[in-house]
Amino acid sequence: MRRGAAATEAPRLEPEVRGGGAFSARGFAPLWFSGLCWHWGRWAIAFLASYHVNQITGSPRMVQLTGAIMWAPLLLGGAIGGVISDRFDRRRTVRLQTALLVPFVAVVGLAERAGQLGIALLYPFLLFAGIGWVVDMTSRRALVLDIVGPHRLHKAMAWETMALASGVAAGQLLGGAVADRAGVGAAFLGVAAMLGLGLVLLMWVPHVPPARPAASAADRWSDALRDRIFEVVPLGRAGEAHGHSRAGEAHGHSRASVVHQHSRARTSTLTELRAGLRLARTNRSLLSILGVTVMANFFMFAYFPAVQLIGDQVNATASQIGIIGSMTGFGMITGSLVTARWGDGRWGIAYSFGVFVAMAMLIVWALSPNVLIAVITLYVASCGSGLFAATQSTLVLTAVSEEMRGRAMGLLSMAIGALPVGTYVLGEVAQQLGARTAVILMASLGLAGMTLWLLIRPEVLQRSGPTP
């Protein structure tokens, strides 16, 4: 596609039809099923890594560190991921990261089967998998909105959350079962096959032209690299602009229009990054939403790797630990269904209320005397986190303009980046005081922090969406 006015006239897939479900939008079905494969694979990786580290080290600190490393890219690379989402073809970006991850997962599986899977290989692998999560958060979820449009977004994101939640459930349930029977290595090889299927499904996702003017694929990559270094318009492009300006002298005001279009097309990556970061300061609703996300991920979701530690406290087997962990997914599915059925117009309240429910029930979960109570209480806690997760991306995407969606999702990714920090803190507390005390302390502080934040920034409570 050439630069200029023609680029801005590319048709969008975003439908204006208000009725119908998310799956009636062309391309959503293969995108959703591909995301399903991604979520199943990602959560299986998280479970298998923490399980393997617990088996070879027995250290709460090292177990929690698996989560901290895997989720660190969310904090460190979220803003960059947002710029990439807005600047490049989102479908192509998702396909590339999946294609790179599949062979890495297979190598890890083969290494475990050969008895060579140690921390030196596993931790770098988790870091690479975490980068994939950044891509999914910023590119694939923004692509969902491109395909379904704003009036079906809440339904699409409820389905997205169901896919994520089923991944939490299936990834841990199947991961524990396969690890018990065939070993961790075989489970990793199964994950590689699952991600490969997701990569194939992406072939049926239609191309969506970017919202901003764009050059050809080769120009975008080369120019973006130069912009990152020099933050200037390359000389060749300056000559092109000069040619347009000379022609514009014969047409009066058209010159200013051409220059304006070129300036939009050639905005540097660093400039776009700064514009994205400014959103957190200038958009009060977005700031309120992101603050809740930080609280939830630092104090609430940090318990994910601790499932292994609580499982040890109730003398659970690997399969039973998988069952306990899978309740996170089943509970989130329930919360997503509630949001999809009754959540119209009340996104902000559901978003915040879900966090309070989840944190309160995590305290009860940490005190579980046996496997059954641990299963029930974590399920109820996860129903609350399902309300939170089903409305999170929807709130962020509808709080900003179309051309800023990717960067807003990048900020969301950075807010979720509080998760590895909280995970590490929980691990340090568990190392000193025990897993039960660590979870109780984090959840209690989270309840207090949420209350204080909503008193300071209550804008999220007023957020709602368009009526389908």
# chains A, B, ... in the order shown; residues from 1 in each chain; ligands from 1

call {"tool": "closest_atom_pairs", "arguments": {"of": "range 280-351 of chain A", "to": "range 367-390 of chain A", "cutoff": "7 Å", "atoms": "only C-alpha atoms", "output": "CSV"}}
result
residue,atom,partner,partner_atom,distance
A:Val314,CA,A:Asn370,CA,5.0
A:Ala316,CA,A:Val371,CA,6.6
A:Ile324,CA,A:Val375,CA,4.9
A:Met327,CA,A:Tyr379,CA,4.7
A:Thr328,CA,A:Ser382,CA,5.0
A:Phe330,CA,A:Tyr379,CA,6.8
A:Gly331,CA,A:Cys383,CA,4.2
A:Met332,CA,A:Gly386,CA,3.7
A:Ile333,CA,A:Gly386,CA,6.4
A:Thr334,CA,A:Cys383,CA,5.8
A:Gly335,CA,A:Gly386,CA,4.1
A:Ser336,CA,A:Gly386,CA,5.4
A:Thr339,CA,A:Leu387,CA,6.3
A:Ala350,CA,A:Leu387,CA,5.8
A:Tyr351,CA,A:Phe388,CA,4.2

call {"tool": "closest_atom_pairs", "arguments": {"of": "range 104-155 of chain A", "to": "range 400-416 of chain A", "cutoff": "8 Å", "atoms": "only C-alpha atoms", "output": "tab-separated table"}}
result
residue	atom	partner	partner_atom	distance
A:Val134	CA	A:Ser413	CA	6.5
A:Met137	CA	A:Ser413	CA	6.5
A:Thr138	CA	A:Met409	CA	5.0
A:Ser139	CA	A:Gly406	CA	6.7
A:Ala142	CA	A:Gly406	CA	6.1

call {"tool": "select_by_dssp", "arguments": {"residues": "range 16-200 of chain A", "states": "alpha helix (DSSP H)", "output": "ChimeraX atom specification"}}
result
/A:28-57,60-87,90-113,119-135,141-148,153-181,184-200

call {"tool": "atom_distance", "arguments": {"atom1": "CA of Gly422 in chain A", "atom2": "CA of Pro73 in chain A"}}
result
14.1 Å

call {"tool": "residues_around", "arguments": {"residues": "Ser50 in chain A", "least_positions_apart": "6", "cutoff": "8 Å", "atoms": "only C-alpha atoms", "output": "list in words"}}
result
Val63, Gln64, Thr66, Gly67, Pro305 and Gln308 of chain A

call {"tool": "write_last_selection", "arguments": {"atoms": "N, CA and C atoms", "output": "PDB file, in the first residue's frame"}}
result
ATOM      1  N   VAL A  63       9.923 -21.119  43.149  1.00  0.00           N
ATOM      2  CA  VAL A  63       8.642 -21.393  42.507  1.00  0.00           C
ATOM      3  C   VAL A  63       7.974 -20.086  42.091  1.00  0.00           C
ATOM      4  N   GLN A  64       7.905 -19.118  42.996  1.00  0.00           N
ATOM      5  CA  GLN A  64       7.291 -17.829  42.674  1.00  0.00           C
ATOM      6  C   GLN A  64       8.078 -17.090  41.598  1.00  0.00           C
ATOM      7  N   THR A  66       9.287 -18.317  38.963  1.00  0.00           N
ATOM      8  CA  THR A  66       8.844 -18.729  37.620  1.00  0.00           C
ATOM      9  C   THR A  66       7.776 -17.774  37.098  1.00  0.00           C
ATOM     10  N   GLY A  67       6.827 -17.423  37.968  1.00  0.00           N
ATOM     11  CA  GLY A  67       5.801 -16.472  37.552  1.00  0.00           C
ATOM     12  C   GLY A  67       6.352 -15.081  37.352  1.00  0.00           C
ATOM     13  N   PRO A 305       1.366 -18.964  41.145  1.00  0.00           N
ATOM     14  CA  PRO A 305       2.347 -20.025  41.425  1.00  0.00           C
ATOM     15  C   PRO A 305       2.190 -20.622  42.819  1.00  0.00           C
ATOM     16  N   GLN A 308       0.890 -24.298  43.961  1.00  0.00           N
ATOM     17  CA  GLN A 308       1.775 -25.427  44.271  1.00  0.00           C
ATOM     18  C   GLN A 308       2.056 -25.492  45.774  1.00  0.00           C
TER      19      GLN A 308
END

call {"tool": "residues_around", "arguments": {"residues": "Gly198 in chain A", "least_positions_apart": "2", "cutoff": "7 Å", "atoms": "only C-alpha atoms", "output": "list in words"}}
result
Ser34, Gly35, Cys37, Trp38, Met194, Leu195, Gly196, Val200, Leu201 and Leu202 of chain A

call {"tool": "residues_around", "arguments": {"residues": "range 24-29 of chain A", "least_positions_apart": "6", "cutoff": "6 Å", "atoms": "only C-alpha atoms", "output": "ChimeraX atom specification"}}
result
/A:148,205-206

call {"tool": "residues_around", "arguments": {"residues": "range 170-180 of chain A", "least_positions_apart": "6", "cutoff": "10 Å", "atoms": "only C-alpha atoms", "output": "number ranges by chain"}}
result
A: 39-48, 51-52, 164, 186-188, 190-191, 317-330

call {"tool": "decode", "arguments": {"residues": "range 364-387 of chain A", "atoms": "N, CA, C and O atoms", "output": "CSV table (one decimal), in the first residue's frame"}}
result
chain,number,residue,atom,x,y,z
A,364,VAL,N,-9.9,-16.9,52.6
A,364,VAL,CA,-10.5,-18.1,53.1
A,364,VAL,C,-9.8,-19.3,52.4
A,364,VAL,O,-9.5,-20.4,53.1
A,365,TRP,N,-9.4,-19.2,51.2
A,365,TRP,CA,-8.7,-20.3,50.5
A,365,TRP,C,-7.4,-20.6,51.1
A,365,TRP,O,-7.0,-21.8,51.3
A,366,ALA,N,-6.6,-19.6,51.5
A,366,ALA,CA,-5.3,-19.8,52.2
A,366,ALA,C,-5.4,-20.6,53.5
A,366,ALA,O,-4.5,-21.2,53.9
A,367,LEU,N,-6.6,-20.6,54.1
A,367,LEU,CA,-6.8,-21.3,55.4
A,367,LEU,C,-7.4,-22.7,55.2
A,367,LEU,O,-7.8,-23.4,56.1
A,368,SER,N,-7.5,-23.1,53.9
A,368,SER,CA,-8.1,-24.4,53.6
A,368,SER,C,-7.5,-25.6,54.4
A,368,SER,O,-6.2,-25.7,54.3
A,369,PRO,N,-8.3,-26.4,55.0
A,369,PRO,CA,-7.7,-27.6,55.7
A,369,PRO,C,-7.5,-28.8,54.9
A,369,PRO,O,-6.8,-29.7,55.3
A,370,ASN,N,-8.1,-28.9,53.7
A,370,ASN,CA,-8.0,-30.0,52.9
A,370,ASN,C,-8.3,-29.6,51.4
A,370,ASN,O,-8.6,-28.5,51.1
A,371,VAL,N,-8.1,-30.6,50.5
A,371,VAL,CA,-8.2,-30.4,49.1
A,371,VAL,C,-9.6,-29.9,48.7
A,371,VAL,O,-9.7,-29.0,47.9
A,372,LEU,N,-10.7,-30.5,49.2
A,372,LEU,CA,-12.0,-30.1,48.8
A,372,LEU,C,-12.3,-28.7,49.1
A,372,LEU,O,-12.8,-27.9,48.3
A,373,ILE,N,-12.0,-28.2,50.3
A,373,ILE,CA,-12.2,-26.8,50.7
A,373,ILE,C,-11.4,-25.9,49.8
A,373,ILE,O,-11.8,-24.8,49.4
A,374,ALA,N,-10.1,-26.3,49.5
A,374,ALA,CA,-9.3,-25.5,48.6
A,374,ALA,C,-9.9,-25.3,47.3
A,374,ALA,O,-9.9,-24.2,46.7
A,375,VAL,N,-10.5,-26.4,46.8
A,375,VAL,CA,-11.1,-26.4,45.4
A,375,VAL,C,-12.3,-25.4,45.4
A,375,VAL,O,-12.5,-24.6,44.6
A,376,ILE,N,-13.2,-25.5,46.5
A,376,ILE,CA,-14.4,-24.7,46.5
A,376,ILE,C,-14.1,-23.2,46.7
A,376,ILE,O,-14.6,-22.4,46.0
A,377,THR,N,-13.2,-22.9,47.6
A,377,THR,CA,-13.0,-21.5,47.9
A,377,THR,C,-12.2,-20.8,46.7
A,377,THR,O,-12.5,-19.7,46.4
A,378,LEU,N,-11.3,-21.5,46.1
A,378,LEU,CA,-10.6,-20.9,44.9
A,378,LEU,C,-11.6,-20.7,43.8
A,378,LEU,O,-11.5,-19.7,43.0
A,379,TYR,N,-12.6,-21.6,43.6
A,379,TYR,CA,-13.6,-21.4,42.6
A,379,TYR,C,-14.4,-20.2,42.8
A,379,TYR,O,-14.6,-19.4,41.9
A,380,VAL,N,-14.9,-19.9,44.1
A,380,VAL,CA,-15.6,-18.8,44.4
A,380,VAL,C,-14.8,-17.5,44.2
A,380,VAL,O,-15.3,-16.5,43.6
A,381,ALA,N,-13.5,-17.5,44.6
A,381,ALA,CA,-12.6,-16.4,44.4
A,381,ALA,C,-12.5,-16.1,42.9
A,381,ALA,O,-12.5,-14.9,42.5
A,382,SER,N,-12.4,-17.1,42.1
A,382,SER,CA,-12.2,-16.9,40.7
A,382,SER,C,-13.4,-16.4,40.0
A,382,SER,O,-13.3,-15.9,38.9
A,383,CYS,N,-14.6,-16.7,40.5
A,383,CYS,CA,-15.8,-16.1,39.9
A,383,CYS,C,-15.7,-14.5,40.0
A,383,CYS,O,-16.1,-13.8,39.0
A,384,GLY,N,-15.1,-14.0,41.1
A,384,GLY,CA,-14.9,-12.6,41.2
A,384,GLY,C,-13.9,-12.1,40.2
A,384,GLY,O,-14.1,-11.1,39.5
A,385,SER,N,-12.8,-12.9,40.1
A,385,SER,CA,-11.7,-12.4,39.1
A,385,SER,C,-12.2,-12.6,37.7
A,385,SER,O,-11.7,-11.9,36.8
A,386,GLY,N,-13.2,-13.4,37.4
A,386,GLY,CA,-13.8,-13.5,36.1
A,386,GLY,C,-14.6,-12.2,35.7
A,386,GLY,O,-14.6,-11.8,34.6
A,387,LEU,N,-15.3,-11.7,36.7
A,387,LEU,CA,-16.0,-10.4,36.5
A,387,LEU,C,-15.0,-9.3,36.1
A,387,LEU,O,-15.2,-8.5,35.2
